[in-house]
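Structure file structure-v6.txt; described as compact mmCIF, C-alpha atoms and all ligand atoms.
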# COMPACT_ATOMS: atom_id res chain seq x y z
CA MET A 1 14.36 -10.24 -27.02
CA ASN A 2 13.28 -12.17 -23.95
CA ILE A 3 11.11 -10.22 -21.50
CA VAL A 4 10.01 -11.44 -18.10
CA ILE A 5 7.14 -9.66 -16.35
CA VAL A 6 6.83 -10.16 -12.61
CA GLY A 7 3.20 -9.67 -11.57
CA GLY A 8 0.08 -9.90 -13.70
CA GLY A 9 -1.99 -7.12 -12.14
CA PHE A 10 -3.05 -3.88 -13.83
CA CYS A 11 0.39 -3.07 -15.24
CA GLY A 12 1.61 -6.59 -16.00
CA SER A 13 -1.56 -7.85 -17.69
CA ILE A 14 -1.99 -5.03 -20.18
CA LEU A 15 1.74 -5.14 -20.98
CA ALA A 16 1.71 -8.93 -21.46
CA LYS A 17 -1.37 -8.66 -23.65
CA LYS A 18 0.34 -6.13 -25.92
CA LEU A 19 3.73 -7.88 -26.02
CA GLY A 20 2.06 -11.22 -26.80
CA ARG A 21 0.89 -9.78 -30.12
CA GLU A 22 4.47 -8.94 -31.14
CA ASP A 23 6.58 -11.73 -32.66
CA ARG A 24 9.70 -9.73 -31.91
CA PHE A 25 9.49 -10.56 -28.19
CA ASP A 26 9.52 -13.78 -26.21
CA THR A 27 7.37 -12.81 -23.28
CA VAL A 28 7.03 -14.61 -19.97
CA LEU A 29 4.53 -13.54 -17.30
CA ILE A 30 5.02 -14.86 -13.75
CA ASP A 31 2.34 -14.59 -11.09
CA ARG A 32 1.51 -16.59 -7.98
CA LYS A 33 -2.14 -16.64 -9.05
CA ASP A 34 -3.57 -18.07 -12.23
CA LYS A 35 -6.03 -15.20 -12.67
CA TYR A 36 -5.98 -11.45 -13.10
CA GLN A 37 -8.22 -9.90 -10.45
CA TYR A 38 -9.91 -6.51 -10.77
CA TYR A 39 -9.27 -5.10 -7.27
CA PRO A 40 -11.52 -1.98 -7.43
CA ALA A 41 -14.55 -4.31 -7.39
CA LEU A 42 -13.44 -6.16 -4.23
CA PRO A 43 -15.61 -4.11 -1.83
CA GLU A 44 -18.69 -5.22 -3.80
CA LEU A 45 -17.62 -8.83 -3.34
CA LEU A 46 -18.19 -8.43 0.42
CA SER A 47 -21.93 -8.46 -0.15
CA ASP A 48 -22.17 -10.27 -3.49
CA PRO A 49 -19.85 -13.29 -3.93
CA SER A 50 -21.47 -14.08 -7.26
CA ILE A 51 -19.31 -11.40 -8.94
CA SER A 52 -16.05 -13.23 -8.20
CA GLY A 53 -16.17 -14.99 -11.59
CA LYS A 54 -16.81 -11.71 -13.40
CA ILE A 55 -13.92 -9.81 -11.84
CA SER A 56 -11.33 -12.58 -12.27
CA LEU A 57 -9.90 -13.53 -15.67
CA ARG A 58 -7.71 -16.60 -16.10
CA TYR A 59 -4.47 -15.53 -17.75
CA ASP A 60 -4.75 -18.30 -20.32
CA SER A 61 -8.17 -16.94 -21.34
CA PHE A 62 -6.87 -13.59 -22.56
CA LEU A 63 -3.13 -13.91 -23.20
CA THR A 64 -1.81 -15.30 -26.45
CA GLY A 65 1.83 -15.43 -27.48
CA VAL A 66 2.88 -15.25 -23.82
CA GLU A 67 4.28 -18.01 -21.64
CA PHE A 68 2.46 -17.81 -18.31
CA ILE A 69 4.25 -19.34 -15.32
CA ARG A 70 2.35 -19.72 -12.09
CA ARG A 71 5.00 -19.40 -9.41
CA GLU A 72 5.89 -17.46 -6.30
CA VAL A 73 8.85 -15.17 -7.08
CA LYS A 74 11.33 -15.44 -4.23
CA ARG A 75 14.13 -13.15 -5.38
CA ILE A 76 15.02 -10.78 -8.18
CA THR A 77 18.65 -10.28 -9.24
CA PRO A 78 20.18 -8.14 -12.01
CA GLU A 79 20.43 -11.33 -14.10
CA ALA A 80 17.45 -13.53 -13.25
CA ILE A 81 14.10 -14.00 -11.55
CA VAL A 82 14.30 -16.69 -8.90
CA THR A 83 11.11 -18.62 -8.23
CA ASP A 84 10.34 -21.44 -5.81
CA LYS A 85 11.15 -23.83 -8.67
CA GLY A 86 14.22 -22.36 -10.39
CA ARG A 87 15.71 -19.32 -12.13
CA ILE A 88 14.51 -17.55 -15.25
CA SER A 89 17.00 -15.27 -16.98
CA TYR A 90 15.96 -12.22 -18.97
CA ASP A 91 17.12 -9.62 -21.48
CA ARG A 92 14.66 -7.16 -19.96
CA CYS A 93 12.42 -7.61 -16.98
CA VAL A 94 9.45 -5.61 -15.77
CA LEU A 95 8.77 -5.48 -12.04
CA CYS A 96 5.12 -4.82 -11.33
CA PHE A 97 4.38 -7.05 -8.35
CA GLY A 98 2.16 -4.44 -6.72
CA ALA A 99 1.62 -3.20 -3.20
CA GLU A 100 0.75 -5.28 -0.16
CA TYR A 101 -1.62 -4.36 2.62
CA PRO A 102 0.23 -5.60 5.73
CA VAL A 103 -1.71 -5.69 9.00
CA ARG A 104 0.41 -3.65 11.41
CA LEU A 105 -0.90 -5.15 14.64
CA ASP A 106 0.93 -7.83 16.66
CA ASN A 107 -2.23 -9.83 17.21
CA LYS A 108 -3.88 -10.45 13.86
CA ASN A 109 -6.75 -12.58 15.20
CA ASN A 110 -10.08 -11.43 13.80
CA VAL A 111 -8.36 -8.86 11.60
CA TYR A 112 -9.16 -9.27 7.91
CA THR A 113 -8.23 -7.59 4.63
CA VAL A 114 -9.86 -6.74 1.31
CA ASP A 115 -6.84 -7.06 -0.95
CA ASP A 116 -7.59 -9.95 -3.28
CA VAL A 117 -10.55 -12.19 -4.09
CA GLU A 118 -9.58 -14.98 -1.68
CA ASN A 119 -9.00 -12.70 1.32
CA THR A 120 -12.14 -10.72 0.58
CA LEU A 121 -14.24 -13.90 0.56
CA ARG A 122 -12.66 -14.79 3.94
CA THR A 123 -13.61 -11.33 5.22
CA ARG A 124 -17.14 -11.82 3.91
CA LYS A 125 -17.43 -15.07 5.87
CA ALA A 126 -16.26 -13.36 9.07
CA LEU A 127 -18.75 -10.53 8.49
CA HIS A 128 -21.52 -13.06 8.41
CA ASP A 129 -20.75 -14.03 12.02
CA SER A 130 -20.15 -10.50 13.34
CA ASP A 131 -22.43 -7.73 14.59
CA HIS A 132 -19.90 -4.99 15.21
CA VAL A 133 -17.22 -4.32 12.59
CA LEU A 134 -14.22 -2.05 12.99
CA ILE A 135 -12.73 -0.51 9.85
CA ILE A 136 -9.12 0.58 10.39
CA GLY A 137 -8.31 3.45 8.02
CA GLY A 138 -10.40 6.01 6.16
CA GLY A 139 -8.51 6.25 2.87
CA LEU A 140 -9.91 4.97 -0.42
CA ILE A 141 -10.11 1.31 0.61
CA GLY A 142 -11.41 1.93 4.15
CA VAL A 143 -14.12 4.28 2.90
CA GLU A 144 -15.22 1.95 0.09
CA VAL A 145 -15.32 -1.07 2.42
CA ALA A 146 -17.23 0.79 5.16
CA ALA A 147 -19.66 2.18 2.58
CA GLU A 148 -20.34 -1.23 1.04
CA ILE A 149 -20.98 -2.88 4.42
CA ALA A 150 -23.12 0.03 5.59
CA ASP A 151 -25.11 0.06 2.36
CA GLN A 152 -25.64 -3.66 1.88
CA LEU A 153 -25.31 -5.46 5.23
CA GLU A 154 -26.88 -4.72 8.58
CA LYS A 155 -23.91 -4.22 10.88
CA ARG A 156 -22.77 -1.80 13.51
CA ILE A 157 -19.66 -0.12 12.05
CA THR A 158 -16.93 1.93 13.65
CA LEU A 159 -14.24 3.51 11.46
CA VAL A 160 -10.99 4.85 12.92
CA HIS A 161 -8.92 7.24 10.81
CA PRO A 162 -5.63 8.90 11.84
CA HIS A 163 -6.35 12.15 9.96
CA GLN A 164 -8.91 14.87 10.57
CA ARG A 165 -10.96 14.03 7.50
CA LEU A 166 -11.66 10.98 5.35
CA LEU A 167 -9.86 10.66 2.00
CA GLU A 168 -7.53 13.42 3.11
CA ARG A 169 -5.72 13.67 -0.24
CA THR A 170 -8.94 14.59 -2.08
CA PRO A 171 -10.73 17.99 -2.06
CA MET A 172 -12.72 18.86 1.08
CA ASP A 173 -16.05 18.38 -0.77
CA ALA A 174 -15.15 14.75 -1.47
CA SER A 175 -14.28 14.09 2.18
CA GLU A 176 -17.52 15.70 3.31
CA HIS A 177 -19.59 13.67 0.87
CA ALA A 178 -18.02 10.42 2.07
CA GLU A 179 -18.54 11.41 5.70
CA ARG A 180 -22.19 12.34 5.09
CA PHE A 181 -22.80 9.03 3.31
CA LEU A 182 -21.33 6.99 6.17
CA HIS A 183 -23.02 9.03 8.92
CA SER A 184 -26.40 8.71 7.21
CA ARG A 185 -26.01 4.93 7.47
CA GLY A 186 -25.07 5.00 11.13
CA VAL A 187 -21.29 4.55 10.86
CA GLU A 188 -19.41 5.96 13.85
CA ILE A 189 -16.22 7.72 12.71
CA ILE A 190 -13.32 8.42 15.05
CA PHE A 191 -10.83 10.92 13.60
CA ASN A 192 -7.24 11.72 14.62
CA ASP A 193 -6.65 8.39 16.29
CA LYS A 194 -5.15 5.00 15.41
CA VAL A 195 -5.88 1.41 16.35
CA VAL A 196 -2.68 0.20 18.01
CA GLU A 197 -3.60 -3.00 19.81
CA ASN A 198 -5.89 -5.98 19.46
CA ARG A 199 -6.69 -7.70 22.75
CA ASP A 200 -10.19 -8.74 23.89
CA VAL A 201 -11.11 -5.35 22.50
CA PHE A 202 -9.36 -3.09 19.99
CA LEU A 203 -7.43 -0.25 21.62
CA THR A 204 -6.60 3.11 20.08
CA ASP A 205 -3.59 5.32 20.63
CA LYS A 206 -5.74 7.76 22.61
CA GLY A 207 -7.04 5.02 24.90
CA LYS A 208 -10.45 4.29 23.35
CA MET A 209 -11.69 0.71 23.63
CA ILE A 210 -13.71 -0.64 20.70
CA ASP A 211 -15.50 -3.91 21.36
CA ALA A 212 -15.83 -4.97 17.72
CA ASP A 213 -16.17 -8.65 16.78
CA MET A 214 -13.77 -8.23 13.88
CA ALA A 215 -11.73 -5.61 12.08
CA VAL A 216 -10.96 -4.89 8.45
CA TRP A 217 -7.46 -3.50 8.02
CA ALA A 218 -7.22 -0.65 5.50
CA GLY A 219 -4.35 1.09 7.23
CA GLY A 220 -1.91 1.67 4.42
CA LEU A 221 0.29 0.06 1.82
CA GLY A 222 3.62 -1.74 1.96
CA PHE A 223 5.65 -3.60 -0.65
CA ASN A 224 7.95 -6.59 -0.67
CA ARG A 225 11.45 -5.06 -0.51
CA GLU A 226 12.90 -8.45 0.39
CA LEU A 227 12.56 -9.57 -3.23
CA LEU A 228 15.31 -7.11 -4.17
CA SER A 229 17.47 -7.53 -1.09
CA GLY A 230 20.63 -8.24 -3.15
CA PHE A 231 20.53 -4.83 -4.90
CA ASP A 232 22.23 -1.65 -3.69
CA HIS A 233 20.09 0.03 -1.08
CA ASP A 234 19.75 3.23 -3.10
CA ILE A 235 17.20 1.64 -5.47
CA PHE A 236 14.69 2.13 -2.65
CA SER A 237 13.14 5.56 -2.55
CA GLU A 238 11.79 7.35 0.51
CA PRO A 239 9.01 7.49 1.50
CA TRP A 240 7.96 4.85 -0.99
CA GLY A 241 8.82 2.55 -3.84
CA LEU A 242 11.57 1.62 -6.24
CA ASP A 243 13.46 4.59 -7.60
CA VAL A 244 12.81 4.95 -11.32
CA ASN A 245 14.34 7.12 -14.04
CA SER A 246 12.22 9.17 -16.43
CA ASP A 247 11.83 6.09 -18.69
CA LEU A 248 10.48 3.95 -15.78
CA LYS A 249 13.71 1.96 -15.55
CA LEU A 250 15.11 1.08 -12.16
CA LYS A 251 17.86 3.47 -11.09
CA HIS A 252 21.27 2.18 -12.35
CA HIS A 253 19.61 -0.75 -14.15
CA GLU A 254 18.92 -0.30 -17.86
CA ASP A 255 17.47 -3.82 -18.19
CA ILE A 256 14.83 -3.48 -15.50
CA TYR A 257 11.57 -1.54 -15.78
CA VAL A 258 9.28 -0.85 -12.84
CA GLY A 259 5.53 -0.21 -13.17
CA GLY A 260 2.40 0.15 -11.09
CA ASP A 261 2.09 0.71 -7.36
CA ILE A 262 5.73 -0.03 -6.55
CA THR A 263 7.26 2.89 -8.46
CA SER A 264 8.63 5.86 -6.55
CA LEU A 265 6.56 8.24 -8.73
CA ASN A 266 4.67 10.91 -6.87
CA GLU A 267 1.24 9.81 -8.13
CA GLU A 268 -1.80 8.17 -6.56
CA LYS A 269 -1.31 4.41 -6.47
CA THR A 270 -4.22 3.47 -8.70
CA GLY A 271 -5.12 0.86 -11.26
CA HIS A 272 -5.44 3.63 -13.84
CA ASN A 273 -1.83 4.77 -13.32
CA ALA A 274 -0.54 1.17 -13.31
CA ASP A 275 -2.30 0.60 -16.64
CA VAL A 276 -0.68 3.76 -18.07
CA HIS A 277 2.75 2.49 -16.93
CA GLY A 278 2.16 -0.85 -18.68
CA LYS A 279 1.33 0.91 -21.94
CA PHE A 280 4.30 3.26 -21.59
CA ILE A 281 6.74 0.37 -21.04
CA PHE A 282 5.33 -1.38 -24.10
CA LYS A 283 5.95 1.69 -26.28
CA ASP A 284 9.45 2.13 -24.89
CA LEU A 285 10.34 -1.49 -25.63
CA ILE A 286 9.08 -1.13 -29.20
CA ARG A 287 11.19 2.01 -29.68
CA GLU A 288 14.24 0.19 -28.37
CA MET A 289 13.62 -2.66 -30.82
CA GLU A 290 13.37 -0.15 -33.65
CA GLY A 291 16.56 1.61 -32.59
CA LYS A 292 14.76 4.80 -31.60
CA GLY A 293 15.46 6.80 -28.44
CA THR A 294 13.72 6.13 -25.15
CA LEU A 295 10.52 7.89 -24.11
CA LYS A 296 10.09 10.18 -21.16
CA TYR A 297 7.28 9.37 -18.75
CA SER A 298 5.27 12.26 -17.41
CA THR A 299 2.72 11.94 -14.65
CA GLN A 300 -0.74 12.47 -16.02
CA LYS A 301 -3.83 13.96 -14.49
CA ALA A 302 -6.17 11.09 -13.82
CA PRO A 303 -9.56 10.86 -12.14
CA MET A 304 -9.85 9.20 -8.76
CA ILE A 305 -13.02 7.14 -8.42
CA ILE A 306 -14.44 6.07 -5.09
CA GLY A 307 -17.48 3.82 -4.81
CA LEU A 308 -19.99 4.33 -1.99
CA GLY A 309 -22.24 1.28 -2.10
CA ARG A 310 -24.03 0.59 -5.37
CA LYS A 311 -25.77 3.88 -6.06
CA ASP A 312 -23.37 6.53 -4.85
CA GLY A 313 -19.76 7.46 -5.30
CA ILE A 314 -17.25 10.24 -5.82
CA VAL A 315 -15.20 11.08 -8.89
CA VAL A 316 -12.41 13.58 -8.34
CA PHE A 317 -10.76 15.16 -11.37
CA GLU A 318 -8.58 18.24 -11.45
CA GLY A 319 -9.91 19.46 -8.12
CA LYS A 320 -13.58 19.09 -9.14
CA ILE A 321 -15.91 16.40 -7.88
CA LEU A 322 -18.90 14.49 -9.17
CA THR A 323 -21.00 12.59 -6.65
CA GLY A 324 -24.10 10.41 -6.40
CA ARG A 325 -25.45 7.99 -8.97
CA PRO A 326 -23.47 9.45 -11.93
CA ALA A 327 -20.25 8.73 -10.02
CA ALA A 328 -21.38 5.16 -9.27
CA THR A 329 -22.12 4.74 -12.99
CA VAL A 330 -18.66 6.02 -13.92
CA LYS A 331 -17.11 3.43 -11.57
CA LYS A 332 -19.10 0.62 -13.21
CA MET A 333 -18.27 1.83 -16.74
CA VAL A 334 -14.56 1.95 -15.90
CA GLU A 335 -14.77 -1.63 -14.58
CA ILE A 336 -16.52 -2.88 -17.72
CA GLY A 337 -14.00 -1.06 -19.93
CA ALA A 338 -10.95 -2.37 -18.05
CA LEU A 339 -12.08 -6.00 -18.18
CA ARG A 340 -13.17 -5.72 -21.81
CA ARG A 341 -9.78 -4.27 -22.82
CA LEU A 342 -8.08 -7.37 -21.46
CA ARG A 343 -10.60 -9.82 -22.90
CA PHE A 344 -10.59 -8.51 -26.48
C1 LIG B 1 -9.95 -2.92 -2.27
C2 LIG B 1 -9.22 -2.11 -3.33
C3 LIG B 1 -9.91 -1.15 -4.03
C4 LIG B 1 -9.28 -0.40 -4.99
N1 LIG B 1 -9.99 0.53 -5.69
C5 LIG B 1 -9.41 1.17 -6.72
C6 LIG B 1 -10.19 2.02 -7.56
O1 LIG B 1 -11.40 2.21 -7.37
N2 LIG B 1 -9.56 2.63 -8.62
C7 LIG B 1 -8.22 2.42 -8.87
O2 LIG B 1 -7.71 2.96 -9.87
N3 LIG B 1 -7.46 1.66 -8.09
C8 LIG B 1 -8.03 1.01 -7.01
N4 LIG B 1 -7.27 0.19 -6.23
C9 LIG B 1 -5.81 0.16 -6.43
C10 LIG B 1 -5.41 -0.71 -7.60
O3 LIG B 1 -6.00 -1.99 -7.47
C11 LIG B 1 -3.89 -0.81 -7.64
O4 LIG B 1 -3.36 0.48 -7.76
C12 LIG B 1 -3.44 -1.68 -8.81
O5 LIG B 1 -3.89 -3.00 -8.64
C13 LIG B 1 -1.92 -1.69 -8.92
O6 LIG B 1 -1.56 -2.43 -10.05
P1 LIG B 1 -0.13 -3.15 -10.13
O7 LIG B 1 -0.01 -3.63 -11.52
O8 LIG B 1 0.92 -2.27 -9.58
O9 LIG B 1 -0.18 -4.39 -9.13
P2 LIG B 1 -1.33 -5.38 -8.72
O10 LIG B 1 -2.57 -5.13 -9.48
O11 LIG B 1 -1.36 -5.36 -7.25
O12 LIG B 1 -0.76 -6.79 -9.21
C14 LIG B 1 0.38 -7.37 -8.67
C15 LIG B 1 0.43 -8.83 -9.10
O13 LIG B 1 1.69 -9.36 -8.69
C16 LIG B 1 1.51 -10.67 -8.15
N5 LIG B 1 2.59 -10.91 -7.20
C17 LIG B 1 2.94 -10.15 -6.15
N6 LIG B 1 4.03 -10.65 -5.54
C18 LIG B 1 4.34 -11.78 -6.20
C19 LIG B 1 5.35 -12.77 -6.04
N7 LIG B 1 6.29 -12.69 -5.08
N8 LIG B 1 5.38 -13.82 -6.89
C20 LIG B 1 4.46 -13.93 -7.89
N9 LIG B 1 3.48 -13.01 -8.09
C21 LIG B 1 3.43 -11.96 -7.26
C22 LIG B 1 0.11 -10.60 -7.49
O14 LIG B 1 -0.46 -11.89 -7.41
C23 LIG B 1 -0.64 -9.68 -8.45
O15 LIG B 1 -1.33 -10.41 -9.45
C24 LIG B 1 -7.88 -0.60 -5.26
C25 LIG B 1 -7.17 -1.57 -4.55
C26 LIG B 1 -7.83 -2.34 -3.60
C27 LIG B 1 -7.06 -3.40 -2.86

Translate this structure into C-alpha cells?
Ligand SMILES: Cc1cc2nc3c(=O)[nH]c(=O)nc-3n(C[C@H](O)[C@H](O)[C@H](O)COP(=O)(O)OP(=O)(O)OC[C@H]3O[C@@H](n4cnc5c(N)ncnc54)[C@H](O)[C@@H]3O)c2cc1C
Amino acid sequence: MNIVIVGGGFCGSILAKKLGREDRFDTVLIDRKDKYQYYPALPELLSDPSISGKISLRYDSFLTGVEFIRREVKRITPEAIVTDKGRISYDRCVLCFGAEYPVRLDNKNNVYTVDDVENTLRTRKALHDSDHVLIIGGGLIGVEVAAEIADQLEKRITLVHPHQRLLERTPMDASEHAERFLHSRGVEIIFNDKVVENRDVFLTDKGKMIDADMAVWAGGLGFNRELLSGFDHDIFSEPWGLDVNSDLKLKHHEDIYVGGDITSLNEEKTGHNADVHGKFIFKDLIREMEGKGTLKYSTQKAPMIIGLGRKDGIVVFEGKILTGRPAATVKKMVEIGALRRLRF
C-alpha cells in the first residue's frame, strides 16, 4: 500500500518513522523543509542560537524505509498530492501540514514571528537592534516568548492580550503565575485590548499608542485551506480545522487521514496531541492491512507545559498545576524524550 504523508512535523515524523519499519507499506513523506524542527524550544532560540542544531533533525538522519521528498505542496486532491514539481498519487494519504501563524496586520514591517527556526532567528536578529518589544498575544506562545526575552535579554517589553487574563484556557492559578513572572521582570501587560494597526507606532483597538521598535506576533493560529480548495466545502469545520470522523479520516474520504493541529478535534493544539494522532493513524493502518476493523480515536487528557525562561514554568494537568523549577525540568525532559524517540 502506498502512503503519502504531507508534513513532517510532530504527527508526520513519528508516523513516517513507524511506517518506515514496515515492509508492507511504501511510504513517502513530503515537506518543504529538509529537517524536523522541535517548535516548543523555539522561544529558547531567541536568546541562544546555538541550540538550533539540537532542535532540528534532518529527515534522512532518522527515517529509514521512507522516501523523503522536499517539495512545497500546492494542492491536495482526492487522488493525488500536487507539488511544485508534479503529482504524486496515493492509496492513502495523511494530511498533517500543521497550523500557520499569520500576521493579521496590513503593515507587517517590523512584525516578526516565532514559528520555525528560520523565522525565529530573524526575530532574534531584530531583537538585537531593538530596545522596546511589543508581544501581540498572551496565549502559550506569547507568554513563552515574552518570558524568554524578559528572562534572558534586557529589553523593555509590552504585551497586549485580548482577554482578561493570560493563558485564558488554563486554570486561574496558571494565569496568575505567568502574570507574576512577567510583572516581576518589568513586562507591562495590557489586557482586554488588541493591536489593530502598525504605523509609526502600534495602535490598539482602544486607542493606545505603543512606540515599540518591533513586534512579535503571537495572535492566533490559521491553516492553509487553499490546499484543499477543490474539495466540498463541508470538509472544513467551524471554528477550526478539517472535519474528521472518529477514526481521524477526513469526512466523506476513506483514503485520507488528518492529524495534528489541523484536525477539527476539540483538543489543545499541541505537539503531544499531534504525536498521539500519528501513533493512532499508524495503528489504524496496520489494522486495515490485517483486515481488522478500524479504531476509534478518543481525546486524551494531556498535560500542557509552558516554559517561563530557563528556570520556571507551568505544567497544567487535570486542573492542577505545577510551577517553578520542577515545571521547567519537565519541559526539558519532554524535549529530550521527543527528540530521542525520533532519533532511535
Ligand atoms: C513557539 C511555539 C511553541 C510551542 N510550544 C509548545 C509546547 O510547549 N508544547 C506543545 O505540546 N506544543 C507546543 N507548540 C505547538 C506544537 O508545536 C504544534 O502543536 C505541533 O507542531 C503540531 O504538529 P503538526 O504535526 O500538526 O504540524 P507541524 O509540527 O506544524 O508540522 C507541519 C509540517 O508541515 C510542513 N508543511 C506545511 N505546509 C506545507 C506545504 N504546503 N508543503 C510542504 N510542507 C508543508 C511544515 O514544514 C512542517 O514541517 C508550540 C508551537 C510554537 C510555534

> If you count all atoms listed in the file, which residues fall within 9 Å of range 198-201 of chain A, apart from same-chain ones fewer than 2 positions away, as an MDAnalysis selection string?
Replying inline: chainID A and resid 105:111 195:196 203 209:213

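For the pair CA of Leu159 in chain A and CA of Asp173 in chain A, the interatomic distance is 19.3 Å.
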
> At most 12 Å from (-18.4, -16.9, -4.9), file frame, only C-alpha atoms: which residues, as a count of residues only?
Replying inline: 21

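If all atoms listed in the file are the atoms counted, then among A:Glu197, A:Arg70, A:Thr64, A:Val160 the closest residue to Val103 in chain A is A:Glu197.
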
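What separates CA of Ile190 in chain A from atom O3 of ligand LIG 1 (chain B) is a distance of 25.9 Å.
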
>> Quick one: residues within 9 Å of Pro102 in chain A, only C-alpha atoms, excluding same-chain residues fewer than 4 positions away - as a list in words?
In response: Thr113, Trp217, Ala218, Gly219, Gly220, Leu221, Gly222 and Phe223 of chain A

For Leu228 in chain A, list every protein, DNA or RNA residue within 9 Å, evaluated using only C-alpha atoms, and leave out those in the same chain fewer than 5 positions away; present the list as a PDB file with C-alpha atoms, in the coordinates of the input.
ATOM      1  CA  ARG A  75      14.130 -13.150  -5.380  1.00  0.00           C
ATOM      2  CA  ILE A  76      15.020 -10.780  -8.180  1.00  0.00           C
ATOM      3  CA  THR A  77      18.650 -10.280  -9.240  1.00  0.00           C
TER       4      THR A  77
END

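Proximity ranking of A:Gly259, A:Gly313, A:Gly186, A:Gly293 relative to ligand LIG 1 (chain B) places A:Gly259 first, based on only C-alpha atoms and all ligand atoms.
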
> If we count all atoms listed in the file, what is near range 233-241 of chain A at a cut-off of 7 Å, once residues fewer than 4 positions away on the same chain are taken out, given as a PyMOL selection string?
Replying inline: chain A and resi 251+262-264

>> With all atoms listed in the file as the counted atoms, please give the residues lying no more than 10 Å from Ile141 in chain A, apart from itself and same-chain residues fewer than 3 positions off, as number ranges by chain.
In response: A: 40, 42-43, 113-115, 135-138, 144-147, 167, 217-220, 306-307

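Minimum atom-to-atom distances from A:Leu265, A:Leu322, A:Ile81, A:Val66 to Val244 in chain A were compared using only C-alpha atoms, and the lowest value belongs to A:Leu265.
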
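Counting all atoms listed in the file, the residue from A:Leu227, A:Met289, A:Ile189, A:Ala338 that sits nearest to ligand LIG 1 (chain B) is A:Leu227.
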